[in-house]
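S.K.: My structure is stored as structure.txt, with compact mmCIF, C-alpha atoms.
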# COMPACT_ATOMS: atom_id res chain seq x y z
CA MET A 1 -106.37 -107.59 -66.12
CA LEU A 2 -109.56 -105.55 -66.42
CA VAL A 3 -111.42 -105.21 -69.70
CA ALA A 4 -114.21 -102.69 -70.08
CA THR A 5 -116.37 -101.96 -73.11
CA GLY A 6 -118.98 -99.25 -73.13
CA VAL A 7 -118.81 -98.55 -69.41
CA THR A 8 -117.00 -96.45 -66.90
CA LEU A 9 -115.14 -98.79 -64.58
CA ALA A 10 -113.74 -97.74 -61.22
CA PHE A 11 -112.31 -99.91 -58.48
CA ARG A 12 -110.58 -99.50 -55.15
CA SER A 13 -108.47 -102.22 -53.61
CA GLY A 14 -107.92 -101.96 -49.93
CA GLY A 15 -104.54 -101.02 -48.58
CA GLY A 16 -103.21 -100.83 -45.08
CA SER A 17 -104.33 -98.33 -42.48
CA SER A 18 -101.75 -95.83 -43.71
CA SER A 19 -102.81 -96.08 -47.35
CA PRO A 20 -106.21 -95.21 -48.80
CA GLY A 21 -105.80 -97.95 -51.40
CA VAL A 22 -105.48 -97.94 -55.18
CA GLU A 23 -108.00 -95.90 -57.01
CA VAL A 24 -108.01 -96.38 -60.75
CA GLU A 25 -110.57 -95.16 -63.18
CA PHE A 26 -110.68 -96.27 -66.78
CA LEU A 27 -113.06 -94.48 -69.11
CA ALA A 28 -114.12 -96.63 -72.04
CA THR A 29 -115.98 -95.37 -75.11
CA PRO A 30 -119.33 -97.10 -75.72
CA THR A 31 -119.23 -99.48 -78.68
CA PRO A 32 -122.29 -99.28 -80.98
CA ALA A 33 -124.33 -102.44 -81.29
CA THR A 34 -123.89 -104.33 -84.54
CA GLY A 35 -126.54 -105.96 -86.65
CA ASN A 36 -128.60 -105.59 -89.79
CA THR A 37 -130.09 -102.32 -88.58
CA GLN A 38 -126.69 -100.61 -88.46
CA PRO A 39 -125.37 -98.93 -91.63
CA ARG A 40 -122.07 -100.21 -92.90
CA GLN A 41 -119.25 -97.89 -91.85
CA PRO A 42 -116.85 -96.82 -94.62
CA THR A 43 -113.23 -97.88 -94.36
CA ARG A 44 -111.08 -94.97 -93.22
CA THR A 45 -107.57 -94.29 -94.37
CA PRO A 46 -105.24 -93.60 -91.41
CA SER A 47 -104.70 -89.88 -91.03
CA THR A 48 -101.31 -88.24 -91.28
CA PRO A 49 -99.89 -87.34 -87.84
CA SER A 50 -100.65 -83.70 -87.11
CA THR A 51 -97.97 -81.10 -86.45
CA THR A 52 -100.60 -78.77 -84.97
CA LEU A 53 -101.50 -78.84 -81.29
CA PRO A 54 -105.01 -80.23 -80.73
CA PRO A 55 -107.50 -78.18 -78.69
CA GLY A 56 -106.62 -78.19 -74.99
CA ALA A 57 -103.00 -79.31 -75.49
CA SER A 58 -101.42 -75.96 -74.65
CA GLY A 59 -100.83 -73.87 -71.55
CA PHE A 60 -98.88 -76.54 -69.65
CA SER A 61 -96.23 -75.73 -67.08
CA TYR A 62 -93.29 -78.05 -66.49
CA PRO A 63 -94.03 -80.86 -64.01
CA ILE A 64 -90.71 -80.15 -62.27
CA ASP A 65 -90.22 -76.64 -60.88
CA GLY A 66 -87.57 -74.89 -62.97
CA GLY A 67 -87.45 -77.75 -65.49
CA CYS A 68 -87.15 -77.60 -69.27
CA LEU A 69 -87.23 -79.97 -72.22
CA PRO A 70 -84.11 -82.13 -72.57
CA GLN A 71 -81.81 -81.46 -75.51
CA ASP A 72 -81.28 -85.19 -76.01
CA ASP A 73 -83.93 -86.57 -78.38
CA ALA A 74 -83.53 -89.98 -76.68
CA LEU A 75 -85.44 -88.51 -73.72
CA MET A 76 -88.30 -87.23 -75.90
CA PRO A 77 -91.40 -88.97 -77.29
CA GLY A 78 -90.78 -91.20 -80.29
CA ALA A 79 -87.32 -92.40 -79.25
CA PRO A 80 -86.73 -96.18 -79.36
CA ARG A 81 -86.81 -98.19 -76.13
CA GLU A 82 -84.87 -101.38 -76.81
CA TYR A 83 -85.46 -102.99 -73.41
CA ARG A 84 -89.12 -103.48 -74.29
CA GLN A 85 -88.78 -103.35 -78.09
CA GLY A 86 -90.99 -100.29 -78.21
CA THR A 87 -91.14 -96.52 -78.46
CA HIS A 88 -90.88 -93.83 -75.79
CA GLU A 89 -94.22 -92.10 -75.25
CA GLY A 90 -93.27 -89.15 -73.04
CA VAL A 91 -90.59 -86.77 -71.82
CA ASP A 92 -87.98 -87.94 -69.29
CA PHE A 93 -86.84 -85.46 -66.63
CA TYR A 94 -83.50 -86.60 -65.18
CA ASP A 95 -80.90 -84.91 -62.98
CA SER A 96 -79.19 -83.73 -66.17
CA ASP A 97 -80.28 -82.02 -69.38
CA ASN A 98 -83.44 -80.64 -67.76
CA CYS A 99 -82.25 -77.24 -66.37
CA VAL A 100 -82.63 -78.17 -62.69
CA ALA A 101 -81.44 -80.70 -60.12
CA ILE A 102 -83.78 -83.69 -59.90
CA GLY A 103 -83.46 -86.49 -57.36
CA LEU A 104 -85.40 -89.05 -55.38
CA ASP A 105 -88.57 -87.43 -53.98
CA THR A 106 -88.24 -84.18 -55.94
CA GLU A 107 -91.74 -82.72 -56.06
CA VAL A 108 -93.84 -83.50 -59.14
CA LEU A 109 -96.33 -80.77 -60.08
CA ALA A 110 -99.60 -80.91 -61.98
CA ALA A 111 -98.81 -79.40 -65.37
CA LYS A 112 -102.34 -78.03 -65.74
CA ALA A 113 -105.58 -77.98 -63.77
CA GLY A 114 -107.75 -81.07 -64.12
CA THR A 115 -109.40 -84.08 -62.51
CA VAL A 116 -107.43 -87.03 -61.16
CA THR A 117 -108.44 -90.26 -62.90
CA ARG A 118 -105.74 -92.54 -61.50
CA ALA A 119 -103.73 -92.54 -58.28
CA ASP A 120 -101.75 -95.70 -57.44
CA TRP A 121 -101.79 -95.39 -53.66
CA ASP A 122 -101.41 -99.13 -53.05
CA TYR A 123 -98.73 -99.76 -55.68
CA GLN A 124 -96.38 -102.65 -54.94
CA ASP A 125 -92.82 -102.44 -56.27
CA LEU A 126 -91.75 -104.88 -58.96
CA THR A 127 -90.12 -108.09 -57.78
CA ALA A 128 -87.28 -109.87 -59.54
CA GLU A 129 -89.71 -112.62 -60.53
CA GLU A 130 -92.17 -110.15 -62.04
CA LEU A 131 -89.39 -108.42 -63.98
CA ALA A 132 -88.23 -111.77 -65.36
CA GLU A 133 -91.76 -112.52 -66.57
CA LEU A 134 -92.05 -109.07 -68.18
CA GLU A 135 -88.75 -109.58 -69.97
CA ALA A 136 -89.90 -113.01 -71.15
CA ARG A 137 -93.05 -111.44 -72.57
CA VAL A 138 -90.97 -108.81 -74.37
CA GLU A 139 -88.96 -111.65 -75.95
CA ARG A 140 -92.25 -113.19 -77.11
CA GLY A 141 -93.14 -109.94 -78.87
CA GLU A 142 -95.57 -108.75 -76.18
CA GLY A 143 -93.62 -105.68 -75.10
CA ASN A 144 -96.29 -103.30 -76.36
CA ASP A 145 -99.22 -105.07 -74.70
CA PRO A 146 -101.06 -102.52 -72.52
CA ASP A 147 -100.48 -104.39 -69.26
CA VAL A 148 -96.75 -104.78 -69.97
CA LEU A 149 -96.40 -101.07 -70.74
CA ASP A 150 -98.37 -100.26 -67.59
CA ALA A 151 -96.15 -102.45 -65.41
CA PHE A 152 -93.02 -100.73 -66.69
CA ARG A 153 -94.53 -97.33 -65.82
CA GLY A 154 -94.66 -98.18 -62.13
CA ARG A 155 -96.56 -95.95 -59.68
CA GLN A 156 -98.62 -93.34 -61.54
CA VAL A 157 -100.98 -90.40 -61.32
CA TRP A 158 -103.16 -89.42 -64.29
CA VAL A 159 -104.94 -86.09 -64.69
CA ASP A 160 -107.74 -85.43 -67.19
CA HIS A 161 -107.76 -81.88 -68.62
CA GLY A 162 -110.79 -82.24 -70.90
CA ASN A 163 -110.94 -82.39 -74.70
CA GLY A 164 -109.39 -85.86 -74.59
CA ILE A 165 -106.14 -84.50 -73.10
CA VAL A 166 -104.64 -86.47 -70.18
CA THR A 167 -101.27 -86.11 -68.49
CA ARG A 168 -99.51 -89.07 -66.89
CA TYR A 169 -96.86 -88.81 -64.17
CA VAL A 170 -94.86 -92.03 -64.11
CA HIS A 171 -92.21 -93.92 -62.06
CA LEU A 172 -93.28 -92.06 -58.91
CA ASN A 173 -91.76 -92.85 -55.53
CA GLY A 174 -94.89 -91.59 -53.79
CA ILE A 175 -98.12 -89.64 -54.19
CA ALA A 176 -98.92 -86.37 -52.46
CA GLU A 177 -101.45 -86.41 -49.64
CA GLY A 178 -104.96 -85.56 -50.77
CA VAL A 179 -104.52 -86.67 -54.39
CA GLU A 180 -107.53 -88.91 -54.96
CA VAL A 181 -109.46 -90.21 -57.96
CA GLY A 182 -112.23 -87.76 -58.79
CA GLY A 183 -110.50 -84.89 -57.00
CA ARG A 184 -109.39 -81.72 -58.71
CA VAL A 185 -105.80 -80.51 -58.85
CA GLU A 186 -104.60 -77.07 -59.88
CA ARG A 187 -101.68 -76.19 -62.11
CA GLY A 188 -98.47 -76.23 -60.08
CA GLU A 189 -99.95 -78.29 -57.23
CA VAL A 190 -97.72 -81.03 -55.82
CA ILE A 191 -99.17 -84.40 -56.82
CA GLY A 192 -96.27 -86.80 -56.32
CA TYR A 193 -92.56 -87.41 -55.90
CA VAL A 194 -89.87 -88.50 -58.35
CA GLY A 195 -88.74 -92.14 -58.22
CA GLU A 196 -87.85 -95.07 -60.46
CA SER A 197 -90.75 -97.47 -59.82
CA GLY A 198 -91.46 -99.87 -62.66
CA SER A 199 -88.07 -99.44 -64.32
CA PRO A 200 -85.99 -102.61 -64.78
CA GLU A 201 -83.13 -100.84 -62.98
CA SER A 202 -85.24 -100.53 -59.84
CA ILE A 203 -84.48 -104.27 -59.52
CA THR A 204 -81.13 -104.67 -61.26
CA ASN A 205 -79.32 -101.43 -60.32
CA SER A 206 -81.36 -99.49 -57.80
CA GLY A 207 -80.96 -95.73 -57.73
CA THR A 208 -79.63 -95.32 -61.27
CA GLN A 209 -82.91 -94.49 -63.06
CA VAL A 210 -84.46 -91.91 -60.75
CA HIS A 211 -86.47 -89.60 -63.01
CA LEU A 212 -89.95 -88.42 -63.93
CA HIS A 213 -91.52 -89.80 -67.09
CA PHE A 214 -94.22 -87.33 -68.17
CA GLU A 215 -96.78 -88.01 -70.91
CA ILE A 216 -99.30 -85.81 -72.69
CA ARG A 217 -101.97 -88.11 -74.10
CA VAL A 218 -104.34 -87.13 -76.88
CA GLY A 219 -107.12 -89.70 -76.97
CA ASP A 220 -105.47 -93.10 -77.37
CA ALA A 221 -102.16 -91.67 -78.63
CA TYR A 222 -99.31 -89.67 -77.16
CA LEU A 223 -98.66 -86.12 -78.31
CA GLY A 224 -96.29 -86.22 -81.27
CA GLN A 225 -96.92 -89.86 -82.15
CA GLY A 226 -95.64 -90.67 -85.64
CA LEU A 227 -93.69 -87.43 -86.06
CA ASP A 228 -89.94 -86.95 -86.48
CA PRO A 229 -87.87 -85.61 -83.55
CA ASP A 230 -87.83 -81.98 -84.73
CA GLN A 231 -91.60 -81.94 -85.17
CA VAL A 232 -92.13 -83.56 -81.77
CA ARG A 233 -89.91 -80.98 -80.12
CA GLN A 234 -91.81 -78.13 -81.80
CA LEU A 235 -95.12 -79.51 -80.52
CA TYR A 236 -93.87 -79.79 -76.94
CA GLU A 237 -92.32 -76.32 -77.04
CA GLN A 238 -95.76 -75.02 -78.03
CA ALA A 239 -97.50 -77.11 -75.36
CA PHE A 240 -95.29 -75.60 -72.65
CA SER A 241 -95.40 -72.03 -73.96
CA GLN A 242 -96.81 -69.61 -71.38
Could you rewrite the structure in this file as structure tokens?
M.R.:
Amino acid sequence: MLVATGVTLAFRSGGGSSSPGVEVEFLATPTPATGNTQPRQPTRTPSTPSTTLPPGASGFSYPIDGGCLPQDDALMPGAPREYRQGTHEGVDFYDSDNCVAIGLDTEVLAAKAGTVTRADWDYQDLTAEELAELEARVERGEGNDPDVLDAFRGRQVWVDHGNGIVTRYVHLNGIAEGVEVGGRVERGEVIGYVGESGSPESITNSGTQVHLHFEIRVGDAYLGQGLDPDQVRQLYEQAFSQ
């Protein structure tokens, strides 16, 4: 596990000759020094979740060509995820309820132009032993720990669009050639391929959870966090409006 405070941390772990290796970039916000010279910060009351799109969270195209939002709220942000005792943080694009056929290695497209901040080139599939440990941690109440959530997301690409808006493309079977940390991608550019990496079913029932999990992040939260299903759907309809 990597912990960074007040720095930009980037690392690259070597892969084989056919893989450029993992490139992951985590951007951490500097933490002000504490001491007698610092004024005491007032306690802030948590804000009410906004039903208005934040700046930069519009003008997205669907990450699957011809795709659309699912009608089933269980595939939308805010739905419960019992297997990890948590909450869904993105939109699932399956081979049903998404307006287009989706299968293993269907092309995944950048939803908007931006800079790649994560590309898991050297990702290793979950093993049965690793899944058992993840499930044990969920039973201990650790299902929402960042590293557990990250493991269940599998192979990923993240794209920064500015204004604190980041899109995540999750459960990928592969990453498109040329997608590298620090590189720019354009809206509609192929950045990866649909898979089921990181899902428990990739171990227990392979081939049954092939889909793209797509997230729009706003700072440390996901778009629509804390809202009811109708409000979430309205936000995402606005985000994808052309």
S.K.: What does the distance between CA of Thr127 in chain A and CA of Gly195 in chain A come to in Å, to one decimal place?
M.R.: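 Distance reported for this atom pair: 16.0 Å.
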S.K.: What does the structure give for the distance between CA of Gly162 in chain A and CA of Glu237 in chain A, in Å to one decimal?
M.R.: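 A separation of 20.3 Å between them.
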S.K.: For a test of reading the model, state the distance in Å between CA of Asp65 in chain A and CA of Glu180 in chain A, rounded to one decimal.
M.R.: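 About the pair CA of Asp65 in chain A and CA of Glu180 in chain A: they are 22.0 Å apart.
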S.K.: Ranking A:Asp72, A:Glu139, A:Asp145, A:Glu107 by minimum distance to Gly174 in chain A and counting all atoms listed in the file, which one comes first?
M.R.: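 Of the candidates, the smallest distance to Gly174 in chain A is held by A:Glu107.
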S.K.: Taking (-101.2, -89.3, -67.4) in the coordinates of the supplied file, I want to know which residues reach to within 9 Å of it, counting only C-alpha atoms; could you give the answer as JSON, numbers by chain?
M.R.: {"A": [117, 118, 156, 157, 158, 159, 160, 165, 166, 167, 168, 169, 170, 214, 215, 216, 217]}
S.K.: So which residues touch Asp230 in chain A within 12 Å, counting all atoms listed in the file, skipping near sequence neighbours fewer than 2 positions away, as an MDAnalysis selection string?
M.R.: chainID A and resid 51 71:73 76:79 224 226:228 232:237
S.K.: Have a look at A:His213, A:Arg153, A:Gly141, A:Asn163 and name the one nearest to Pro70 in chain A; count all atoms listed in the file.
M.R.: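 Checking each candidate against Pro70 in chain A, we get A:His213 as the closest.
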S.K.: Name the closest residue to Gly188 in chain A among the candidates A:Leu104, A:Cys99, A:Ala110, A:Leu75; distances are taken between atoms, counting all atoms listed in the file.
M.R.: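 With all atoms listed in the file as the atom set, the closest residue is A:Ala110.
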S.K.: For Ile64 in chain A, please output as a list in words all residues within 8 Å (counting all atoms listed in the file; exclusion window: fewer than 2 positions along the same chain).
M.R.: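 Listed by chain and then number, they are Tyr62, Gly66, Gly67, Phe93, Thr106, Glu107, Val108 and Leu109 of chain A.
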S.K.: For Val138 in chain A, which residue among A:Val185, A:Leu126, A:Tyr83, A:Pro200 is the nearest when counting all atoms listed in the file?
M.R.: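 Smallest separation from Val138 in chain A among the options: A:Tyr83.
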S.K.: Can you take the partial range 73-92 of chain A, add N, CA and C atoms, and return it as a compact mmCIF listing (two decimals), keeping the file's coordinate frame?
M.R.:
# COMPACT_ATOMS: atom_id res chain seq x y z
N ASP A 73 -82.69 -86.02 -77.82
CA ASP A 73 -83.93 -86.57 -78.38
C ASP A 73 -84.26 -87.95 -77.83
N ALA A 74 -83.27 -88.65 -77.26
CA ALA A 74 -83.53 -89.98 -76.68
C ALA A 74 -84.43 -89.90 -75.46
N LEU A 75 -84.58 -88.70 -74.89
CA LEU A 75 -85.44 -88.51 -73.72
C LEU A 75 -86.80 -87.94 -74.10
N MET A 76 -87.05 -87.82 -75.39
CA MET A 76 -88.30 -87.23 -75.90
C MET A 76 -89.21 -88.32 -76.48
N PRO A 77 -90.49 -88.00 -76.68
CA PRO A 77 -91.40 -88.97 -77.29
C PRO A 77 -90.93 -89.39 -78.68
N GLY A 78 -91.13 -90.66 -78.99
CA GLY A 78 -90.78 -91.20 -80.29
C GLY A 78 -89.43 -91.88 -80.34
N ALA A 79 -88.63 -91.74 -79.28
CA ALA A 79 -87.32 -92.40 -79.25
C ALA A 79 -87.50 -93.90 -79.02
N PRO A 80 -86.61 -94.73 -79.57
CA PRO A 80 -86.73 -96.18 -79.36
C PRO A 80 -86.43 -96.56 -77.91
N ARG A 81 -87.08 -97.62 -77.43
CA ARG A 81 -86.81 -98.19 -76.13
C ARG A 81 -86.55 -99.69 -76.32
N GLU A 82 -85.26 -100.02 -76.45
CA GLU A 82 -84.87 -101.38 -76.81
C GLU A 82 -85.25 -102.40 -75.75
N TYR A 83 -85.22 -102.01 -74.47
CA TYR A 83 -85.46 -102.99 -73.41
C TYR A 83 -86.84 -103.61 -73.48
N ARG A 84 -87.79 -102.90 -74.11
CA ARG A 84 -89.12 -103.48 -74.29
C ARG A 84 -89.53 -103.52 -75.77
N GLN A 85 -88.55 -103.30 -76.65
CA GLN A 85 -88.78 -103.35 -78.09
C GLN A 85 -89.93 -102.43 -78.50
N GLY A 86 -89.91 -101.22 -77.95
CA GLY A 86 -90.99 -100.29 -78.21
C GLY A 86 -90.50 -98.88 -78.41
N THR A 87 -91.41 -97.93 -78.21
CA THR A 87 -91.14 -96.52 -78.46
C THR A 87 -91.48 -95.70 -77.22
N HIS A 88 -90.64 -94.72 -76.92
CA HIS A 88 -90.88 -93.83 -75.79
C HIS A 88 -92.10 -92.96 -76.06
N GLU A 89 -92.96 -92.80 -75.04
CA GLU A 89 -94.22 -92.10 -75.25
C GLU A 89 -94.31 -90.79 -74.46
N GLY A 90 -93.22 -90.38 -73.83
CA GLY A 90 -93.27 -89.15 -73.04
C GLY A 90 -91.92 -88.47 -72.97
N VAL A 91 -91.82 -87.52 -72.05
CA VAL A 91 -90.59 -86.77 -71.82
C VAL A 91 -89.98 -87.25 -70.50
N ASP A 92 -88.68 -87.54 -70.51
CA ASP A 92 -87.98 -87.94 -69.29
C ASP A 92 -87.26 -86.74 -68.68
